[in-house]
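Q: One file is attached below, final_7.tsv, containing TSV, C-alpha atoms.
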```tsv
chain	number	residue	atom	x	y	z
A	7	MET	CA	-31.15	-91.30	139.88
A	8	THR	CA	-34.68	-90.65	141.08
A	9	PHE	CA	-37.94	-89.20	139.79
A	10	ARG	CA	-40.12	-87.14	142.11
A	11	ASP	CA	-43.32	-85.29	141.47
A	12	SER	CA	-41.51	-81.97	141.75
A	13	ARG	CA	-42.41	-81.07	138.19
A	14	PRO	CA	-44.74	-78.13	137.61
A	15	ALA	CA	-48.35	-78.93	136.85
A	16	CYS	CA	-49.33	-79.04	133.21
A	17	ASP	CA	-53.02	-78.76	132.44
A	18	ASP	CA	-52.80	-78.84	128.64
A	19	TRP	CA	-51.19	-82.15	127.64
A	20	LYS	CA	-53.22	-82.30	124.44
A	21	SER	CA	-51.89	-79.08	122.96
A	22	GLU	CA	-49.25	-79.06	120.24
A	23	THR	CA	-46.84	-77.45	122.68
A	24	VAL	CA	-46.64	-80.16	125.30
A	25	CYS	CA	-45.60	-79.03	128.76
A	26	GLN	CA	-41.82	-79.22	129.15
A	27	TYR	CA	-40.38	-79.77	132.59
A	28	ASN	CA	-36.92	-78.32	132.05
A	29	LEU	CA	-35.20	-81.49	133.22
A	30	VAL	CA	-32.26	-80.02	131.30
A	31	MET	CA	-32.87	-82.72	128.72
A	32	SER	CA	-36.58	-83.47	128.80
A	33	LEU	CA	-37.57	-87.10	128.66
A	34	ILE	CA	-41.17	-86.19	127.94
A	35	GLU	CA	-41.20	-85.22	124.28
A	36	PRO	CA	-44.29	-83.89	122.47
A	37	LEU	CA	-46.35	-86.93	121.52
A	38	PRO	CA	-48.09	-87.39	118.17
A	39	PRO	CA	-51.86	-86.65	118.39
A	40	SER	CA	-52.81	-90.35	118.39
A	41	LEU	CA	-50.67	-90.96	121.49
A	42	GLN	CA	-51.58	-87.83	123.46
A	43	MET	CA	-54.44	-89.66	125.19
A	44	LEU	CA	-51.78	-91.68	127.05
A	45	THR	CA	-50.74	-88.60	129.02
A	46	THR	CA	-54.08	-88.28	130.79
A	47	GLY	CA	-53.24	-90.99	133.33
A	48	ASP	CA	-52.52	-90.24	136.96
A	49	GLY	CA	-50.89	-92.09	139.82
A	50	ALA	CA	-49.16	-95.29	138.70
A	51	ASP	CA	-50.31	-94.78	135.10
A	52	ARG	CA	-48.92	-91.22	134.80
A	53	VAL	CA	-46.33	-90.95	132.03
A	54	VAL	CA	-42.84	-90.25	133.37
A	55	ILE	CA	-40.92	-90.80	130.11
A	56	ALA	CA	-42.10	-90.41	126.51
A	57	VAL	CA	-39.32	-90.42	123.91
A	58	LYS	CA	-39.19	-91.27	120.25
A	59	SER	CA	-36.86	-93.58	118.45
A	60	ASP	CA	-36.02	-92.95	114.82
A	61	LEU	CA	-35.24	-96.53	113.74
A	62	SER	CA	-37.25	-99.75	113.59
A	63	LEU	CA	-35.91	-103.02	114.99
A	64	ASN	CA	-34.60	-103.96	111.54
A	65	GLY	CA	-32.61	-100.71	111.34
A	66	THR	CA	-34.75	-98.83	108.81
A	67	TYR	CA	-35.91	-95.29	109.49
A	68	ASN	CA	-39.25	-95.42	111.26
A	69	GLU	CA	-40.59	-93.55	114.25
A	70	GLU	CA	-41.39	-95.56	117.36
A	71	TRP	CA	-42.34	-94.22	120.78
A	72	LEU	CA	-41.19	-95.46	124.17
A	73	VAL	CA	-43.78	-94.48	126.78
A	74	ILE	CA	-43.07	-95.31	130.41
A	75	SER	CA	-45.29	-94.91	133.46
A	76	LYS	CA	-44.39	-95.93	136.98
A	77	GLU	CA	-45.74	-99.43	136.35
A	78	ARG	CA	-45.29	-100.23	132.67
A	79	LEU	CA	-43.17	-99.71	129.60
A	80	ARG	CA	-44.88	-99.56	126.21
A	81	ILE	CA	-43.57	-99.17	122.65
A	82	PHE	CA	-45.73	-97.86	119.83
A	83	ARG	CA	-44.97	-97.84	116.09
A	84	LEU	CA	-45.93	-94.53	114.51
A	85	ASP	CA	-47.18	-96.14	111.30
A	86	ALA	CA	-49.43	-98.43	113.34
A	87	LEU	CA	-51.06	-95.70	115.43
A	88	SER	CA	-54.82	-95.56	115.56
A	89	SER	CA	-56.63	-92.58	114.08
A	90	ASN	CA	-60.14	-93.70	115.06
A	91	GLY	CA	-60.16	-92.09	118.52
A	92	ARG	CA	-59.39	-95.33	120.36
A	93	PRO	CA	-56.13	-95.84	122.22
A	94	PRO	CA	-53.52	-97.30	119.86
A	95	ALA	CA	-52.25	-100.82	120.45
A	96	SER	CA	-48.70	-101.09	121.70
A	97	ARG	CA	-46.10	-103.17	119.85
A	98	LEU	CA	-44.65	-104.23	123.19
A	99	GLU	CA	-45.78	-103.85	126.80
A	100	ILE	CA	-43.74	-104.86	129.84
A	101	ALA	CA	-44.42	-104.39	133.55
A	102	ILE	CA	-41.63	-102.29	135.05
A	103	ALA	CA	-41.34	-104.78	137.94
A	104	GLU	CA	-40.36	-107.52	135.42
A	105	ILE	CA	-37.27	-105.62	134.22
A	106	LYS	CA	-34.15	-106.89	135.97
A	107	SER	CA	-31.67	-104.66	134.12
A	108	MET	CA	-31.52	-102.28	131.19
A	109	ARG	CA	-28.67	-101.20	128.96
A	110	THR	CA	-27.90	-99.58	125.65
A	111	GLU	CA	-25.67	-101.22	123.09
A	112	SER	CA	-23.75	-99.27	120.46
A	113	LEU	CA	-24.27	-100.41	116.89
A	114	ILE	CA	-22.99	-99.01	113.60
A	115	GLY	CA	-24.74	-95.67	113.13
A	116	GLY	CA	-26.90	-96.04	116.21
A	117	GLY	CA	-27.74	-98.22	119.15
A	118	ALA	CA	-30.25	-100.55	120.76
A	119	LEU	CA	-32.10	-100.46	124.08
A	120	LEU	CA	-31.91	-103.89	125.72
A	121	ALA	CA	-33.78	-105.22	128.76
A	122	THR	CA	-33.13	-108.34	130.81
A	123	ILE	CA	-36.37	-110.05	131.79
A	124	ASP	CA	-36.50	-113.52	133.37
A	125	GLY	CA	-32.82	-114.06	132.52
A	126	GLN	CA	-33.39	-113.32	128.81
A	127	THR	CA	-32.11	-110.25	126.97
A	128	LEU	CA	-34.77	-108.58	124.85
A	129	GLU	CA	-34.04	-105.88	122.27
A	130	LEU	CA	-36.75	-103.27	122.85
A	131	LEU	CA	-35.95	-100.75	120.14
A	132	ARG	CA	-33.21	-99.18	118.02
A	133	PHE	CA	-32.19	-95.57	117.57
A	134	SER	CA	-29.72	-93.51	115.55
A	135	ASN	CA	-26.62	-91.86	117.03
A	136	SER	CA	-28.48	-88.58	117.50
A	137	ARG	CA	-30.75	-90.35	120.07
A	138	GLN	CA	-27.94	-92.17	121.97
A	139	ARG	CA	-27.85	-89.73	124.88
A	140	VAL	CA	-31.62	-89.84	125.41
A	141	PHE	CA	-31.70	-93.63	125.55
A	142	ARG	CA	-28.63	-93.82	127.82
A	143	LYS	CA	-30.54	-91.62	130.25
A	144	VAL	CA	-33.68	-93.78	129.93
A	145	SER	CA	-31.57	-96.90	130.49
A	146	LYS	CA	-29.93	-95.44	133.61
A	147	TYR	CA	-33.30	-94.47	135.08
A	148	LEU	CA	-34.82	-97.91	134.38
A	149	ASN	CA	-31.77	-99.68	135.81
A	150	ASP	CA	-32.06	-97.64	139.00
A	151	LEU	CA	-35.79	-98.41	139.11
A	152	ALA	CA	-35.10	-102.15	138.65
A	153	GLU	CA	-32.62	-102.07	141.56
A	154	TYR	CA	-35.20	-100.22	143.67
A	155	HIS	CA	-37.89	-102.85	142.92
A	156	GLU	CA	-35.43	-105.68	143.60
A	157	ALA	CA	-34.51	-104.19	146.98
A	158	ILE	CA	-38.20	-103.95	147.89
A	159	ALA	CA	-38.81	-107.57	146.81
A	160	LYS	CA	-35.89	-108.74	148.97
A	161	GLY	CA	-37.17	-106.74	151.96
A	162	GLU	CA	-34.00	-104.68	152.12
A	163	GLU	CA	-33.83	-101.23	153.64
A	164	GLN	CA	-35.92	-99.01	151.45
A	165	LYS	CA	-34.10	-96.26	149.59
A	166	PRO	CA	-35.87	-93.31	147.97
A	167	GLU	CA	-37.58	-94.13	144.69
A	168	PRO	CA	-35.38	-93.27	141.68
A	169	VAL	CA	-35.83	-89.89	140.01
A	170	LEU	CA	-34.40	-88.48	136.79
A	171	GLU	CA	-31.22	-86.49	137.22
A	172	ASN	CA	-30.25	-83.34	135.41
A	173	ASP	CA	-27.79	-83.75	132.56
A	174	ILE	CA	-24.76	-81.68	133.55
A	175	ASP	CA	-23.19	-82.17	130.11
A	176	GLU	CA	-26.17	-80.71	128.23
A	177	GLU	CA	-24.17	-77.80	126.81
A	178	LYS	CA	-21.73	-80.23	125.15
A	179	TYR	CA	-24.39	-81.30	122.62
A	180	CYS	CA	-25.78	-79.56	119.56
A	181	SER	CA	-29.24	-78.15	120.29
A	182	ASP	CA	-30.37	-78.92	116.70
A	183	CYS	CA	-29.11	-82.46	116.02
A	184	ALA	CA	-28.21	-83.62	119.57
A	185	LEU	CA	-24.76	-84.86	118.51
A	186	LEU	CA	-21.68	-84.30	120.66
A	187	LEU	CA	-19.91	-81.01	119.90
A	188	PRO	CA	-16.12	-80.88	119.41
A	189	GLU	CA	-14.17	-79.58	122.41
A	190	GLY	CA	-14.06	-75.81	122.63
A	191	SER	CA	-17.12	-75.21	120.43
A	192	THR	CA	-20.34	-73.57	121.56
```
For this file, write the structure as structure tokens.
A:
Amino acid sequence: MTFRDSRPACDDWKSETVCQYNLVMSLIEPLPPSLQMLTTGDGADRVVIAVKSDLSLNGTYNEEWLVISKERLRIFRLDALSSNGRPPASRLEIAIAEIKSMRTESLIGGGALLATIDGQTLELLRFSNSRQRVFRKVSKYLNDLAEYHEAIAKGEEQKPEPVLENDIDEEKYCSDCALLLPEGST
């Protein structure tokens, strides 16, 4: 899995209709107005993934945002977002290079995104079943990125930097609720 800058240019990140890249299942979702200023970065700070979670860490319904650039992962709570024009404070910020592995764990009615950092497993966020596929894709990308960074640190032969892959099973999911469709349905 790799992510290249082969996406079309988007000049209007601050509009309500955020530029979609047709990655079959976009991992850059339209951000709330208070987070849209995060998309103005370029280079290492350019956003490559911006997805929302619909559960808080304690399992209650609450919107949180996972925003990932090439160098850092940040999580923002929607109810804690700034409305005073300043960048909102993140609930959690981790350097991508610190992540050794990433995985999702299925829970009753949803799941959790877990990262291994310095030998410790850290629960980053939770999500309902309708967001499982999105976070599995995020986890796969971050795992591939962690392996890439580890290979560089070890001085191993350099492989291409990971990029996001198209989701070949996209048509198997409901376009409204994102849940898996029964076999034979459309």
Q: What is the distance, in Å and to one decimal place, between CA of Ser96 in chain A and CA of Ala159 in chain A?
A: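 For CA of Ser96 in chain A relative to CA of Ala159 in chain A, the distance reads 27.8 Å.
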Q: Interatomic distance between CA of Thr110 in chain A and CA of Phe141 in chain A?
A: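 These atoms are spaced 7.1 Å apart.
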Q: Which residue is closest to Arg139 in chain A? Choose from A:Ile123, A:Ile81, A:Cys180, A:Ala95 and count only C-alpha atoms.
A: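 So, comparing all the options, the nearest one is A:Cys180.
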Q: Smallest atom-to-atom distance to Leu128 in chain A: which of A:Leu63, A:Leu72, A:Ala103, A:Asp182, using only C-alpha atoms?
A: A:Leu63
Q: With distances taken over all atoms listed in the file, which residue among A:Arg97, A:Arg132, A:Lys76, A:Arg83 lies nearest Ala152 in chain A?
A: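 Nearest to Ala152 in chain A: A:Lys76.
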Q: Would you compute the distance between CA of Pro188 in chain A and CA of Arg142 in chain A? Give it in Å to one decimal.
A: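 Between these atoms lies a distance of 19.9 Å.
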Q: Applying 10 Å and all atoms listed in the file, which residues near Ile102 in chain A remain after dropping the ones on its own chain fewer than 6 positions away? List them as a PyMOL selection string.
A: chain A and resi 74-80+123+148+151-152+155
Q: Have a look at A:Thr66, A:Asp124, A:Ile158, A:Ile34 and name the one nearest to Arg52 in chain A; count only C-alpha atoms.
A: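 Using only C-alpha atoms, the shortest distance to Arg52 in chain A belongs to A:Ile34.
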Q: The residues within 9 Å of (-39.6, -96.0, 115.0), using only C-alpha atoms and the coordinates of the file, should be reported as a list in words; which are they?
A: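 Residues with an atom at most 9 Å from (-39.6, -96.0, 115.0): Lys58, Ser59, Asp60, Leu61, Ser62, Leu63, Thr66, Tyr67, Asn68, Glu69, Glu70, Trp71, Phe82, Arg83, Leu84, Asp85, Leu131, Arg132 and Phe133 of chain A.
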Q: How about saving the chosen residues, C-alpha atoms kept, as a tab-separated table (two decimals), in the frame of the given file?
A:
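Saved as selection.tsv:
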```tsv
chain	number	residue	atom	x	y	z
A	58	LYS	CA	-39.19	-91.27	120.25
A	59	SER	CA	-36.86	-93.58	118.45
A	60	ASP	CA	-36.02	-92.95	114.82
A	61	LEU	CA	-35.24	-96.53	113.74
A	62	SER	CA	-37.25	-99.75	113.59
A	63	LEU	CA	-35.91	-103.02	114.99
A	66	THR	CA	-34.75	-98.83	108.81
A	67	TYR	CA	-35.91	-95.29	109.49
A	68	ASN	CA	-39.25	-95.42	111.26
A	69	GLU	CA	-40.59	-93.55	114.25
A	70	GLU	CA	-41.39	-95.56	117.36
A	71	TRP	CA	-42.34	-94.22	120.78
A	82	PHE	CA	-45.73	-97.86	119.83
A	83	ARG	CA	-44.97	-97.84	116.09
A	84	LEU	CA	-45.93	-94.53	114.51
A	85	ASP	CA	-47.18	-96.14	111.30
A	131	LEU	CA	-35.95	-100.75	120.14
A	132	ARG	CA	-33.21	-99.18	118.02
A	133	PHE	CA	-32.19	-95.57	117.57
```
Q: Let me make sure I understand: among A:Ile114, A:Lys160, A:Gln42, A:Leu170, which one has the smallest atom-to-atom distance to Lys143 in chain A if we use all atoms listed in the file?
A: A:Leu170
Q: When distances are computed from all atoms listed in the file, which of A:Ser136, A:Gly125, A:Val144, A:Glu156 shows the smallest separation from Arg109 in chain A?
A: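 Looking only at the distances to Arg109 in chain A, the closest residue turns out to be A:Val144.
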